[in-house]
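Undergrad: The structure's right below; bear with me while I get my questions together.
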Amino acid sequence: MRIVLLGPPGSGKGTQSQRLIKSHGIPQISTGDLLRAAVAAHSKLGIAAKSVMDAGKLVDDAIVLGMIQERLALPDVANGFILDGFPRNLSQAAALEGLLQELGQPLDVVVLMQVDNQELVRRIGGRRTCRNCGRVFNVFTSPPAAGETCPKTGGEHDLFQRPDDNEATVADRLKVYDEKTSPLADFYDARGLLRKINAEGDLDVVTSRLEAVLAATGPKPAARPAAAKPRARKKMPARQPRVPAAKPVAKPATKRPAKRPVRKAAAKKSTLKSTLQSALNSALKSARKLVKKAAKKAARKPAPRRAVTRAKKSALRVKAKGTRKAPARKQATGKVRRHR
Ligand code: AMP
């Protein structure tokens with residue numbers, strides 16, 4: 001289950017959280033504890049937070065939110081968690097809501113633990129913590145049992161009082177709670193998550209009231225993680241319908257003044273024509289000369305005997321054999337070959 005324990009300092013959030021860890025098997029996430037660990041480690045964050053905590057004021061939201069974000073990323077919160085001391089103002093509540101939505105792990109219930117102011121002052125005044133095992137006692141209401149030993153050292157619990165649990169600071173812390181934290185009751189009521197229990201009286205009785213509320217609520221099925229915020233997409237210009245590529249527009253012919261006037265061009269054309277004509281005439285003239293010369297030469301020479309080809313000769317032979325009319329030819333040529 002994912003639970004927020006809401007209530008003023010001294011209302012028993014830490015004590016009841018310890019019991020829920022055992023009964024529900026889910027971790028407690030206390031921003032007060034995380035900050036105290038940072039202070040003890042003398043980390044930058046701890047040094048910055050210490051004076052604010054000692055004065056009973058709220059540590060900067062950015063620091064606390066960063067711590068919570070890191071803590072909720074650990075695998076042990078898979079089955080749920082108990083938030084103790086967080087959120088403590090409206091902006092933290094809104095940030096938590098967004099973070100859990102992103103993780104797909106919305107809260108199941110917010111339990112407001114109601115305790116009378118006078119009782120709160122008495123409880124805070126009597127609160128003591130074991131330096132070694134970290135267990136919280138109250139010298140008035142829940143002191144260590146007789147002979148009880150610290151599981152860390154095996155000796156007696158080494159109890160100390162938190163620096164912000166002194167009377168002067170307690171008044172400031174209650175004031176801060178009234179102003180900054182109590183409006184969260186309405187915030188969660190509006191979301192249907194708020195349950196209230198009477199957190200005064202015997203510790204076990206308070207635990208059973210708390211468990212009854214949790215049992216009545218039950219865990220919500222884990223929601224699907226909110227889709228990661230879509231990255232701001234570059235706004236693309238609306239797609240334009242396809243248009244055939246425009247044919248390149250012919251450049252308007254720049255009106256260049258004609259280099260030569262048209263008449264000059266015509267004159268040039270006619271010159272060319274006449275040159276070609278004269279070349280042709282002279283070629284014809286020399287060709288005619290050659291032809292005349294060849295004719296004169298031919299007239300002087302006797303006419304050449306007609307060449308009789310082999311094929312023609314054999315054809316004649318065949319013809320003569322078939323007809324035996326050789327005399328005609330004989331008369332003509334006077335030369336008839338005898339057949340063998
Ligand atoms: P707690 O142990 O929850 O009473 O917290 C002790 C001190 O730690 C507070 O008085 C604040 O100074 C600081 N603190 C714890 N939780 C928060 C928180 N969620 N926002 C701001 N300061 C916080």
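Naming scheme: A, B, ... for chains in displayed order of the structure tokens; residues 1 onward per chain; ligands 1 onward as shown.
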Would you mind listing the residues within 7 Å of ligand 1, counting only C-alpha atoms and all ligand atoms, as a list of chain:residue names?

TA: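 What falls inside 7 Å of ligand 1 is A:Pro9, A:Ser30, A:Thr31, A:Gly32, A:Asp33, A:Leu35, A:Val52, A:Met53, A:Asp54, A:Gly56, A:Lys57, A:Leu58, A:Val59, A:Asp60, A:Asp61, A:Val64, A:Asp84, A:Gly85, A:Phe86, A:Pro87, A:Arg88, A:Arg173.
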
Undergrad: Next, dump the selected residues to file, keeping only N, CA, C and O atoms, as a short mmCIF file (atom, residue, chain, number, x, y, z; two decimals), in the first residue's frame.

TA:
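Output below, filename part17.cif:
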data_model
loop_
_atom_site.label_atom_id
_atom_site.label_comp_id
_atom_site.auth_asym_id
_atom_site.auth_seq_id
_atom_site.Cartn_x
_atom_site.Cartn_y
_atom_site.Cartn_z
N PRO A 9 3.63 17.44 14.62
CA PRO A 9 4.76 16.78 15.28
C PRO A 9 4.30 16.23 16.63
O PRO A 9 3.55 16.88 17.35
N SER A 30 10.85 8.77 5.89
CA SER A 30 10.69 9.94 6.74
C SER A 30 11.68 11.01 6.29
O SER A 30 12.89 10.81 6.35
N THR A 31 11.14 12.13 5.83
CA THR A 31 12.05 13.21 5.38
C THR A 31 12.83 13.76 6.57
O THR A 31 13.98 14.18 6.41
N GLY A 32 12.19 13.74 7.76
CA GLY A 32 12.91 14.19 8.97
C GLY A 32 14.13 13.32 9.22
O GLY A 32 15.23 13.83 9.46
N ASP A 33 13.96 11.99 9.10
CA ASP A 33 15.08 11.06 9.31
C ASP A 33 16.16 11.26 8.25
O ASP A 33 17.37 11.23 8.57
N LEU A 35 16.83 13.94 6.58
CA LEU A 35 17.53 15.20 6.83
C LEU A 35 18.47 15.08 8.04
O LEU A 35 19.61 15.57 8.00
N VAL A 52 17.87 25.47 9.78
CA VAL A 52 16.43 25.57 9.50
C VAL A 52 15.67 24.59 10.39
O VAL A 52 14.63 24.92 10.99
N MET A 53 16.18 23.40 10.49
CA MET A 53 15.53 22.36 11.30
C MET A 53 15.57 22.75 12.78
O MET A 53 14.57 22.60 13.50
N ASP A 54 16.72 23.25 13.22
CA ASP A 54 16.83 23.63 14.63
C ASP A 54 15.84 24.74 14.99
O ASP A 54 15.39 24.84 16.14
N GLY A 56 12.93 24.92 13.72
CA GLY A 56 11.57 24.38 13.59
C GLY A 56 10.86 24.82 12.31
O GLY A 56 9.64 24.68 12.17
N LYS A 57 11.64 25.36 11.37
CA LYS A 57 11.04 25.80 10.09
C LYS A 57 11.12 24.66 9.06
O LYS A 57 11.76 23.64 9.31
N LEU A 58 10.51 24.94 7.91
CA LEU A 58 10.54 23.91 6.86
C LEU A 58 11.78 24.09 5.98
O LEU A 58 12.10 25.22 5.57
N VAL A 59 12.42 22.99 5.70
CA VAL A 59 13.57 23.00 4.79
C VAL A 59 13.05 23.25 3.37
O VAL A 59 11.90 22.91 3.04
N ASP A 60 13.92 23.83 2.57
CA ASP A 60 13.56 24.20 1.20
C ASP A 60 12.93 23.02 0.42
O ASP A 60 13.42 21.89 0.47
N ASP A 61 11.84 23.34 -0.27
CA ASP A 61 11.12 22.31 -1.04
C ASP A 61 12.02 21.54 -2.00
O ASP A 61 11.91 20.31 -2.12
N VAL A 64 14.02 18.82 -0.26
CA VAL A 64 13.19 17.70 0.21
C VAL A 64 12.65 16.89 -0.98
O VAL A 64 12.67 15.66 -0.95
N ASP A 84 6.19 9.59 5.98
CA ASP A 84 6.06 10.16 7.32
C ASP A 84 6.75 11.52 7.33
O ASP A 84 7.97 11.60 7.15
N GLY A 85 5.97 12.56 7.48
CA GLY A 85 6.56 13.91 7.51
C GLY A 85 6.67 14.52 6.13
O GLY A 85 7.24 15.61 5.97
N PHE A 86 6.13 13.88 5.15
CA PHE A 86 6.13 14.40 3.78
C PHE A 86 4.84 13.97 3.11
O PHE A 86 4.45 12.79 3.24
N PRO A 87 4.14 14.81 2.43
CA PRO A 87 4.42 16.24 2.18
C PRO A 87 4.06 17.09 3.39
O PRO A 87 3.29 16.67 4.24
N ARG A 88 4.63 18.30 3.38
CA ARG A 88 4.38 19.19 4.52
C ARG A 88 3.79 20.53 4.08
O ARG A 88 3.51 21.38 4.91
N ARG A 173 7.11 24.88 15.69
CA ARG A 173 6.80 23.75 14.79
C ARG A 173 5.29 23.56 14.68
O ARG A 173 4.77 23.25 13.61
#

Undergrad: Would you kindly return, as JSON, numbers by chain, each protein, DNA or RNA residue with an atom no farther than 10 Å from any atom of region 128-137 of chain A, considering only C-alpha atoms and excluding same-chain residues fewer than 4 positions away?

TA: {"A": [14, 15, 18, 33, 123, 124, 141, 142, 143, 144, 150, 151, 152, 153, 156, 157, 158, 159, 160, 161, 162, 165]}

Undergrad: Write the residues of the selection above to a file with N, CA, C and O atoms, as a PDB file, in the first residue's frame.

TA:
ATOM      1  N   GLY A  14       5.886   8.580  13.424  1.00  0.00           N
ATOM      2  CA  GLY A  14       7.089   7.738  13.389  1.00  0.00           C
ATOM      3  C   GLY A  14       6.876   6.412  14.097  1.00  0.00           C
ATOM      4  O   GLY A  14       7.239   5.351  13.553  1.00  0.00           O
ATOM      5  N   THR A  15       6.250   6.487  15.238  1.00  0.00           N
ATOM      6  CA  THR A  15       6.028   5.263  16.036  1.00  0.00           C
ATOM      7  C   THR A  15       5.110   4.291  15.306  1.00  0.00           C
ATOM      8  O   THR A  15       5.398   3.093  15.222  1.00  0.00           O
ATOM      9  N   GLN A  18       6.732   2.529  12.333  1.00  0.00           N
ATOM     10  CA  GLN A  18       7.564   1.364  12.696  1.00  0.00           C
ATOM     11  C   GLN A  18       6.733   0.092  12.776  1.00  0.00           C
ATOM     12  O   GLN A  18       7.178  -0.974  12.393  1.00  0.00           O
ATOM     13  N   ASP A  33      13.963  11.994   9.104  1.00  0.00           N
ATOM     14  CA  ASP A  33      15.082  11.063   9.313  1.00  0.00           C
ATOM     15  C   ASP A  33      16.164  11.260   8.255  1.00  0.00           C
ATOM     16  O   ASP A  33      17.365  11.233   8.569  1.00  0.00           O
ATOM     17  N   ARG A 123       4.026  15.033  24.729  1.00  0.00           N
ATOM     18  CA  ARG A 123       4.698  13.934  24.017  1.00  0.00           C
ATOM     19  C   ARG A 123       6.069  14.363  23.505  1.00  0.00           C
ATOM     20  O   ARG A 123       7.052  13.651  23.674  1.00  0.00           O
ATOM     21  N   ILE A 124       6.101  15.530  22.861  1.00  0.00           N
ATOM     22  CA  ILE A 124       7.369  15.988  22.263  1.00  0.00           C
ATOM     23  C   ILE A 124       8.411  16.217  23.385  1.00  0.00           C
ATOM     24  O   ILE A 124       9.584  15.858  23.227  1.00  0.00           O
ATOM     25  N   THR A 141       5.182   8.207  28.138  1.00  0.00           N
ATOM     26  CA  THR A 141       4.172   7.246  27.672  1.00  0.00           C
ATOM     27  C   THR A 141       4.728   5.869  27.285  1.00  0.00           C
ATOM     28  O   THR A 141       4.030   4.862  27.420  1.00  0.00           O
ATOM     29  N   SER A 142       5.957   5.821  26.750  1.00  0.00           N
ATOM     30  CA  SER A 142       6.499   4.516  26.299  1.00  0.00           C
ATOM     31  C   SER A 142       8.011   4.454  26.535  1.00  0.00           C
ATOM     32  O   SER A 142       8.778   4.454  25.575  1.00  0.00           O
ATOM     33  N   PRO A 143       8.402   4.357  27.781  1.00  0.00           N
ATOM     34  CA  PRO A 143       9.845   4.264  28.084  1.00  0.00           C
ATOM     35  C   PRO A 143      10.365   2.862  27.770  1.00  0.00           C
ATOM     36  O   PRO A 143       9.564   1.940  27.594  1.00  0.00           O
ATOM     37  N   PRO A 144      11.721   2.662  27.617  1.00  0.00           N
ATOM     38  CA  PRO A 144      12.244   1.306  27.396  1.00  0.00           C
ATOM     39  C   PRO A 144      11.830   0.388  28.559  1.00  0.00           C
ATOM     40  O   PRO A 144      11.785   0.845  29.711  1.00  0.00           O
ATOM     41  N   CYS A 150      19.776  -2.595  23.839  1.00  0.00           N
ATOM     42  CA  CYS A 150      19.848  -2.085  22.441  1.00  0.00           C
ATOM     43  C   CYS A 150      20.336  -3.218  21.536  1.00  0.00           C
ATOM     44  O   CYS A 150      21.370  -3.833  21.809  1.00  0.00           O
ATOM     45  N   PRO A 151      19.610  -3.483  20.461  1.00  0.00           N
ATOM     46  CA  PRO A 151      20.028  -4.577  19.561  1.00  0.00           C
ATOM     47  C   PRO A 151      21.363  -4.308  18.863  1.00  0.00           C
ATOM     48  O   PRO A 151      22.017  -5.220  18.381  1.00  0.00           O
ATOM     49  N   LYS A 152      21.758  -3.057  18.857  1.00  0.00           N
ATOM     50  CA  LYS A 152      23.020  -2.720  18.181  1.00  0.00           C
ATOM     51  C   LYS A 152      24.227  -2.938  19.083  1.00  0.00           C
ATOM     52  O   LYS A 152      25.267  -3.425  18.659  1.00  0.00           O
ATOM     53  N   THR A 153      24.095  -2.564  20.364  1.00  0.00           N
ATOM     54  CA  THR A 153      25.258  -2.625  21.267  1.00  0.00           C
ATOM     55  C   THR A 153      25.148  -3.764  22.284  1.00  0.00           C
ATOM     56  O   THR A 153      26.143  -4.164  22.878  1.00  0.00           O
ATOM     57  N   GLU A 156      22.460  -1.015  27.398  1.00  0.00           N
ATOM     58  CA  GLU A 156      21.253  -0.184  27.578  1.00  0.00           C
ATOM     59  C   GLU A 156      21.121   0.785  26.396  1.00  0.00           C
ATOM     60  O   GLU A 156      22.121   1.169  25.793  1.00  0.00           O
ATOM     61  N   HIS A 157      19.870   1.185  26.119  1.00  0.00           N
ATOM     62  CA  HIS A 157      19.668   2.191  25.057  1.00  0.00           C
ATOM     63  C   HIS A 157      20.341   3.491  25.496  1.00  0.00           C
ATOM     64  O   HIS A 157      20.243   3.889  26.648  1.00  0.00           O
ATOM     65  N   ASP A 158      21.029   4.137  24.552  1.00  0.00           N
ATOM     66  CA  ASP A 158      21.702   5.410  24.831  1.00  0.00           C
ATOM     67  C   ASP A 158      20.769   6.524  24.354  1.00  0.00           C
ATOM     68  O   ASP A 158      20.787   6.900  23.177  1.00  0.00           O
ATOM     69  N   LEU A 159      19.906   7.001  25.246  1.00  0.00           N
ATOM     70  CA  LEU A 159      18.845   7.936  24.830  1.00  0.00           C
ATOM     71  C   LEU A 159      19.322   9.385  24.783  1.00  0.00           C
ATOM     72  O   LEU A 159      20.096   9.825  25.625  1.00  0.00           O
ATOM     73  N   PHE A 160      18.806  10.110  23.785  1.00  0.00           N
ATOM     74  CA  PHE A 160      19.079  11.560  23.695  1.00  0.00           C
ATOM     75  C   PHE A 160      17.815  12.275  23.203  1.00  0.00           C
ATOM     76  O   PHE A 160      16.914  11.660  22.615  1.00  0.00           O
ATOM     77  N   GLN A 161      17.740  13.575  23.462  1.00  0.00           N
ATOM     78  CA  GLN A 161      16.588  14.380  23.029  1.00  0.00           C
ATOM     79  C   GLN A 161      16.966  15.157  21.766  1.00  0.00           C
ATOM     80  O   GLN A 161      18.048  15.772  21.725  1.00  0.00           O
ATOM     81  N   ARG A 162      16.120  15.122  20.770  1.00  0.00           N
ATOM     82  CA  ARG A 162      16.383  15.855  19.525  1.00  0.00           C
ATOM     83  C   ARG A 162      16.488  17.347  19.818  1.00  0.00           C
ATOM     84  O   ARG A 162      15.718  17.889  20.613  1.00  0.00           O
ATOM     85  N   ASP A 165      13.343  19.330  19.692  1.00  0.00           N
ATOM     86  CA  ASP A 165      12.232  18.905  20.551  1.00  0.00           C
ATOM     87  C   ASP A 165      12.166  19.748  21.836  1.00  0.00           C
ATOM     88  O   ASP A 165      11.439  19.395  22.769  1.00  0.00           O
TER      89      ASP A 165
END

Undergrad: Run DSSP on the backbone and give me the residues of region 45-145 of chain A it puts in strand (DSSP E), as an MDAnalysis selection string.

TA: chainID A and resid 81:84 109:114 127:130 136:138

Undergrad: Could you dump the residues just selected with C-alpha atoms as an mmCIF file, in the first residue's frame?

TA:
data_model
loop_
_atom_site.group_PDB
_atom_site.id
_atom_site.type_symbol
_atom_site.label_atom_id
_atom_site.label_comp_id
_atom_site.auth_asym_id
_atom_site.auth_seq_id
_atom_site.Cartn_x
_atom_site.Cartn_y
_atom_site.Cartn_z
ATOM 1 C CA PHE A 81 5.632 2.777 1.312
ATOM 2 C CA ILE A 82 4.689 4.871 4.304
ATOM 3 C CA LEU A 83 5.430 8.553 3.929
ATOM 4 C CA ASP A 84 6.064 10.156 7.318
ATOM 5 C CA VAL A 109 -4.771 6.541 1.518
ATOM 6 C CA VAL A 110 -3.793 9.542 3.631
ATOM 7 C CA VAL A 111 -4.407 9.088 7.347
ATOM 8 C CA LEU A 112 -4.681 12.183 9.505
ATOM 9 C CA MET A 113 -3.604 11.432 13.072
ATOM 10 C CA GLN A 114 -5.448 13.789 15.406
ATOM 11 C CA ARG A 127 10.502 12.042 23.321
ATOM 12 C CA ARG A 128 13.910 10.359 23.405
ATOM 13 C CA THR A 129 15.817 8.491 20.707
ATOM 14 C CA CYS A 130 18.439 5.741 21.076
ATOM 15 C CA VAL A 136 12.133 6.335 19.579
ATOM 16 C CA PHE A 137 10.784 6.209 23.160
ATOM 17 C CA ASN A 138 8.769 8.536 25.312
#

Undergrad: With distances taken over only C-alpha atoms, which of A:Gln92, A:Gln105, A:Ser43, A:Ser23 is nearest to Gly80 (chain A)?

TA: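 Among the listed residues, A:Gln105 lies closest to Gly80 (chain A).
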
Undergrad: Which distance in Å separates CA of Thr181 (chain A) and CA of Asn89 (chain A), to one decimal?

TA: 4.9 Å

Undergrad: Compile the contact shell of His24 (chain A) as a list in words: residues with an atom at most 12 Å away, counting only C-alpha atoms, same-chain residues fewer than 5 positions apart removed.

TA: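 In the requested form, the answer reads Met1, Arg2, Ile3, Gln16, Ser17, Gln18, Arg19, Val77, Asn79, Gly80, Phe81, Ile82, Glu211, Leu214, Ala215, Gly218 and Pro219 of chain A.
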
Undergrad: Could you check which of A:Thr149, A:Val115, A:Ala62, A:Val176 is closest to Val206 (chain A), using only C-alpha atoms?

TA: A:Val115

Undergrad: Which value, in Å to one decimal, gives the distance between CA of Gly46 (chain A) and CA of Leu34 (chain A)?

TA: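 The value is 9.3 Å.
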
Undergrad: Find the residue from A:Leu120, A:Ala55, A:Ala146, A:Ile47 that sits nearest to Ala199 (chain A); use only C-alpha atoms when measuring.

TA: A:Leu120
